[in-house]
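Quick notes on the structure that follows.
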Amino acid sequence: MTESLTVRDNRTGQEYDVPIADGAIKAADLGKIKASDDSPGLAVYDPGFVNTASCRSSVTYIDGEKGILEYRGYPIEQLAEKSNFLEVAYLLINGSLPTKAEYEAWVHEITYHTFVHENVKSLMQGFRYDAHPMGMLMSSVGALSTFYPDAANIGDAENRHMQIVRMIAKMPTLGAWSFRHAQGKPYVYPDNDLSYTANFLSMLFKMSESKYEADERLVKALDVLLILHADHEQNCSTNAVRSVGSSQVDPYSAVAAGIGALYGPLHGGANEAVLRMLKRIGTKENIPAFIEGVKNGDEKLMGFGHRVYKNYDPRAKIIKKACDDVFEVTGVNPLLEIAQELEKIALEDEYFVKRKLYPNVDFYSGLIYEALQFPPEMFTVLFAIGRTPGWLAQWNELVQDKEQKIARPKQIYTGDRTLDFVPASERWA
Ligand SMILES: CC(C)(COP(=O)(O)OP(=O)(O)OC[C@H]1O[C@@H](n2cnc3c(N)ncnc32)[C@H](O)[C@@H]1OP(=O)(O)O)[C@@H](O)C(=O)NCCC(=O)NCCS
């Protein structure tokens, strides 16, 4: 039996049967409900899409109540522990884990495409000396569409694969150069003998040494962080990629839009706010007064709470563990003690328990990034590099989805109507 919803329109007394499929009704079915034949159909008002599914997707599953995150069905905990970022990228893009031959070909392709055209370098060098690295990353990814005009051919699967490889390969190069730029340091070319993440660290930190090889524990920790950020279903930046991509523009332009969305403090900037908060608290003794301030509504405990997770964010647990490995190499970040104490108190306090406020992915990640010598402006760039396979997997799914249309929401018009225009010469007379 097909499930359905019976809706009675009290304006007309008419009843409608609206089919339910996959726990959802089609907004277009509600559009058939009209007060009169010539009136517009019923619309759904949903700012921020808090209860609107925009697509069917088989990329990422989240159960916020239970604290579950899976990529293509694989739990994030297992991927973080046993896989690596490039294998996870393959999984997200292709939908299944690679065979040995597929994996080797994938790693080879990505490694082969890490270099960018020299004119991309000139373009980046044209930015002001103190340019924010996210602005540089967004512009240079957008610019790649002009270097690869063939990317406009999005209907061709082989072509899409080519652009996906290029973008995943070049993001660390562009991200690292954005970082070096503000420091006035020379841009470092990719070292294709190194792994994806080790090469990224080399492009970030290499100076006069002939080869830069980071401590393996740091490479692993950064790789895990990239895995944790690789996808998160229909978040703000993914929605931006899908929305722009729905116009059938090339993927560089669509991903540049996603980077723009991630640049905003409500999306990619929370870990920086956590660091600022921890520094302001300063010592363990100040924590009780701070918590009181939060409970009185004077401020927020940054890095706590999530729109979707009403349980411990599974990514936060993994990051907390990665902290130990990083601090073994870099020495303990003194802010860790404050973070741990804050967490302990908050998890026992009724205010946080009642509201289901748990640490989210940003609570500990800033501490690791700082220990790795990243300035706060770079935190979001790292997020963007990690999220690239997710954006591209979602884009690839979008362009093959026959149900998808150009994204074009409705509005509820609240302005004036049918005013008579008076020319400026008369209005100002
Ligand atoms: C992430 C966030 C925006 C989710 O917001 P949301 O789903 O709209 O949840 P709400 O703002 O409705 O919060 C529900 C209640 O918890 C409280 N709350 C939510 N997050 C809180 C926080 N970090 N500290 C203190 N109180 C918080 C709200 O004040 C509200 O309390 P009330 O019911 O008494 O009014 C929010 O939890 C937040 O601002 N967290 C801090 C920023 C952060 O870490 N962002 C990164 C997310 S990955």
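By order in the structure tokens, chains are A, B, ...; within a chain, residues start at 1; ligands start at 1, following the order shown.
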DSSP-assigned strand (DSSP E) among region 18-251 of chain A, expressed as a PDB file with C-alpha atoms, in the first residue's frame:
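Written file, part.pdb:
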```pdb
ATOM      1  CA  VAL A  18      -0.602  13.543  -1.105  1.00  0.00           C
ATOM      2  CA  PRO A  19       1.664  10.499  -1.628  1.00  0.00           C
ATOM      3  CA  ILE A  20       4.456   9.919   0.873  1.00  0.00           C
ATOM      4  CA  THR A  60      26.755  10.415   3.099  1.00  0.00           C
ATOM      5  CA  TYR A  61      24.452   9.256   5.885  1.00  0.00           C
ATOM      6  CA  ILE A  62      24.046  11.118   9.170  1.00  0.00           C
ATOM      7  CA  ASP A  63      21.927  10.176  12.185  1.00  0.00           C
ATOM      8  CA  ILE A  68      26.396   8.418  13.337  1.00  0.00           C
ATOM      9  CA  LEU A  69      28.292   9.557  10.238  1.00  0.00           C
ATOM     10  CA  GLU A  70      28.916   7.219   7.299  1.00  0.00           C
ATOM     11  CA  TYR A  71      30.459   7.799   3.871  1.00  0.00           C
ATOM     12  CA  TYR A  74      31.215   3.043   5.960  1.00  0.00           C
ATOM     13  CA  PRO A  75      31.391   4.449   9.534  1.00  0.00           C
TER      14      PRO A  75
END
```
(request) Find the residues around region 152-161 of chain A up to 12 Å (only C-alpha atoms counted), leave out those fewer than 6 positions away in its own chain, and share them as a PyMOL selection string. (result) chain A and resi 90+93-94+106+109-110+144-146+167-168+245-254+389+392-393+395-401
(request) Please measure the separation of CA of Ala198 (chain A) and CA of Glu213 (chain A), giving the value in Å to one decimal. (result)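 Separating CA of Ala198 (chain A) from CA of Glu213 (chain A) is a distance of 7.0 Å.
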(request) Around ligand 1, at most 7 Å away and counting only C-alpha atoms and all ligand atoms, which residues are there? Put them as a list in words, please. (result) Leu266, His267, Ala270, Val294, Lys295, Gly297, Glu299, Lys300, Leu301, Met302, Gly303, Phe304, Gly305, His306, Arg307, Val308, Arg355, Leu357, Asn360, Val361, Asp362 and Phe363 of chain A
Selected residues written out, N, CA and C atoms, as a PDB file, in the first residue's frame:
```pdb
ATOM      1  N   LEU A 266      29.687  31.337   9.990  1.00  0.00           N
ATOM      2  CA  LEU A 266      28.711  30.367  10.500  1.00  0.00           C
ATOM      3  C   LEU A 266      29.008  28.960  10.022  1.00  0.00           C
ATOM      4  N   HIS A 267      29.840  28.839   9.000  1.00  0.00           N
ATOM      5  CA  HIS A 267      30.102  27.512   8.434  1.00  0.00           C
ATOM      6  C   HIS A 267      31.512  27.067   8.798  1.00  0.00           C
ATOM      7  N   ALA A 270      34.072  28.292  12.904  1.00  0.00           N
ATOM      8  CA  ALA A 270      33.815  28.104  14.337  1.00  0.00           C
ATOM      9  C   ALA A 270      35.061  27.669  15.118  1.00  0.00           C
ATOM     10  N   VAL A 294      27.736  31.557  30.266  1.00  0.00           N
ATOM     11  CA  VAL A 294      27.060  30.843  29.168  1.00  0.00           C
ATOM     12  C   VAL A 294      25.623  30.521  29.590  1.00  0.00           C
ATOM     13  N   LYS A 295      25.493  30.045  30.825  1.00  0.00           N
ATOM     14  CA  LYS A 295      24.153  29.639  31.289  1.00  0.00           C
ATOM     15  C   LYS A 295      23.228  30.849  31.443  1.00  0.00           C
ATOM     16  N   GLY A 297      23.199  33.183  29.429  1.00  0.00           N
ATOM     17  CA  GLY A 297      22.912  33.660  28.077  1.00  0.00           C
ATOM     18  C   GLY A 297      23.807  34.814  27.639  1.00  0.00           C
ATOM     19  N   GLU A 299      26.976  34.522  26.746  1.00  0.00           N
ATOM     20  CA  GLU A 299      27.803  34.070  25.621  1.00  0.00           C
ATOM     21  C   GLU A 299      27.555  32.600  25.328  1.00  0.00           C
ATOM     22  N   LYS A 300      28.247  32.126  24.285  1.00  0.00           N
ATOM     23  CA  LYS A 300      28.062  30.724  23.887  1.00  0.00           C
ATOM     24  C   LYS A 300      29.318  29.935  24.183  1.00  0.00           C
ATOM     25  N   LEU A 301      29.143  28.667  24.462  1.00  0.00           N
ATOM     26  CA  LEU A 301      30.300  27.791  24.569  1.00  0.00           C
ATOM     27  C   LEU A 301      30.610  27.333  23.138  1.00  0.00           C
ATOM     28  N   MET A 302      31.572  28.005  22.517  1.00  0.00           N
ATOM     29  CA  MET A 302      31.866  27.708  21.114  1.00  0.00           C
ATOM     30  C   MET A 302      32.395  26.288  20.981  1.00  0.00           C
ATOM     31  N   GLY A 303      32.053  25.633  19.856  1.00  0.00           N
ATOM     32  CA  GLY A 303      32.485  24.250  19.660  1.00  0.00           C
ATOM     33  C   GLY A 303      31.545  23.255  20.308  1.00  0.00           C
ATOM     34  N   PHE A 304      30.453  23.764  20.873  1.00  0.00           N
ATOM     35  CA  PHE A 304      29.424  22.890  21.441  1.00  0.00           C
ATOM     36  C   PHE A 304      28.122  23.113  20.687  1.00  0.00           C
ATOM     37  N   GLY A 305      27.355  22.043  20.547  1.00  0.00           N
ATOM     38  CA  GLY A 305      26.053  22.161  19.888  1.00  0.00           C
ATOM     39  C   GLY A 305      26.184  21.999  18.387  1.00  0.00           C
ATOM     40  N   HIS A 306      25.114  21.510  17.781  1.00  0.00           N
ATOM     41  CA  HIS A 306      25.117  21.298  16.325  1.00  0.00           C
ATOM     42  C   HIS A 306      23.684  21.218  15.837  1.00  0.00           C
ATOM     43  N   ARG A 307      23.423  21.739  14.644  1.00  0.00           N
ATOM     44  CA  ARG A 307      22.071  21.689  14.089  1.00  0.00           C
ATOM     45  C   ARG A 307      21.594  20.248  13.927  1.00  0.00           C
ATOM     46  N   VAL A 308      22.501  19.354  13.558  1.00  0.00           N
ATOM     47  CA  VAL A 308      22.099  17.973  13.275  1.00  0.00           C
ATOM     48  C   VAL A 308      22.424  17.027  14.447  1.00  0.00           C
ATOM     49  N   ARG A 355      19.826  20.415  26.887  1.00  0.00           N
ATOM     50  CA  ARG A 355      19.750  20.926  25.504  1.00  0.00           C
ATOM     51  C   ARG A 355      20.497  20.024  24.514  1.00  0.00           C
ATOM     52  N   LEU A 357      23.697  19.439  24.224  1.00  0.00           N
ATOM     53  CA  LEU A 357      24.845  20.151  23.652  1.00  0.00           C
ATOM     54  C   LEU A 357      26.113  19.354  23.941  1.00  0.00           C
ATOM     55  N   ASN A 360      31.388  19.543  19.220  1.00  0.00           N
ATOM     56  CA  ASN A 360      31.301  19.276  17.781  1.00  0.00           C
ATOM     57  C   ASN A 360      32.712  19.243  17.181  1.00  0.00           C
ATOM     58  N   VAL A 361      32.780  19.044  15.872  1.00  0.00           N
ATOM     59  CA  VAL A 361      34.066  18.845  15.186  1.00  0.00           C
ATOM     60  C   VAL A 361      35.059  19.982  15.441  1.00  0.00           C
ATOM     61  N   ASP A 362      34.530  21.173  15.734  1.00  0.00           N
ATOM     62  CA  ASP A 362      35.415  22.338  15.872  1.00  0.00           C
ATOM     63  C   ASP A 362      36.017  22.490  17.257  1.00  0.00           C
ATOM     64  N   PHE A 363      35.533  21.715  18.227  1.00  0.00           N
ATOM     65  CA  PHE A 363      35.978  21.963  19.602  1.00  0.00           C
ATOM     66  C   PHE A 363      37.482  21.683  19.764  1.00  0.00           C
TER      67      PHE A 363
END
```
(message) Counting only C-alpha atoms, which residue out of A:Glu118, A:Arg242, A:Ala21, A:Lys344 sits closest to Lys405 (chain A)?
(response)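 That would be A:Arg242, the residue with the smallest distance to Lys405 (chain A).
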(request) Identify, on the basis of only C-alpha atoms, every residue whose closest approach to Asp325 (chain A) does not exceed 9 Å; exclude the query and any residue fewer than 4 positions from it along the same chain; express the result as a ChimeraX atom specification. (result) /A:217-218,220-221,321,329
(message) Can you measure CA of Phe290 (chain A) to CA of Ala339 (chain A) for me? One decimal in Å is fine.
(response)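 Separating CA of Phe290 (chain A) from CA of Ala339 (chain A) is a distance of 12.3 Å.
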(request) May I ask for the distance between CA of Gln340 (chain A) and CA of Asp231 (chain A), given in Å to one decimal place? (result)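 These atoms are spaced 26.6 Å apart.
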(request) Could you please write out, as a PyMOL selection string, every residue of region 174-322 of chain A that DSSP assigns to alpha helix (DSSP H)? (result) chain A and resi 174-183+196-205+216-228+236-245+251-263+270-281+287-295+314-322
(message) My list of candidates is A:Val165, A:Ala176, A:Ile25, A:Leu97. Which is closest to Val44 (chain A) when distances are computed with only C-alpha atoms?
(response)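 Among the listed residues, the smallest separation from Val44 (chain A) belongs to A:Ile25.
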(message) Ranking A:Ala35, A:Leu194, A:Val59, A:Leu228 by minimum distance to Ala384 (chain A) and counting only C-alpha atoms, which one comes first?
(response) A:Leu228
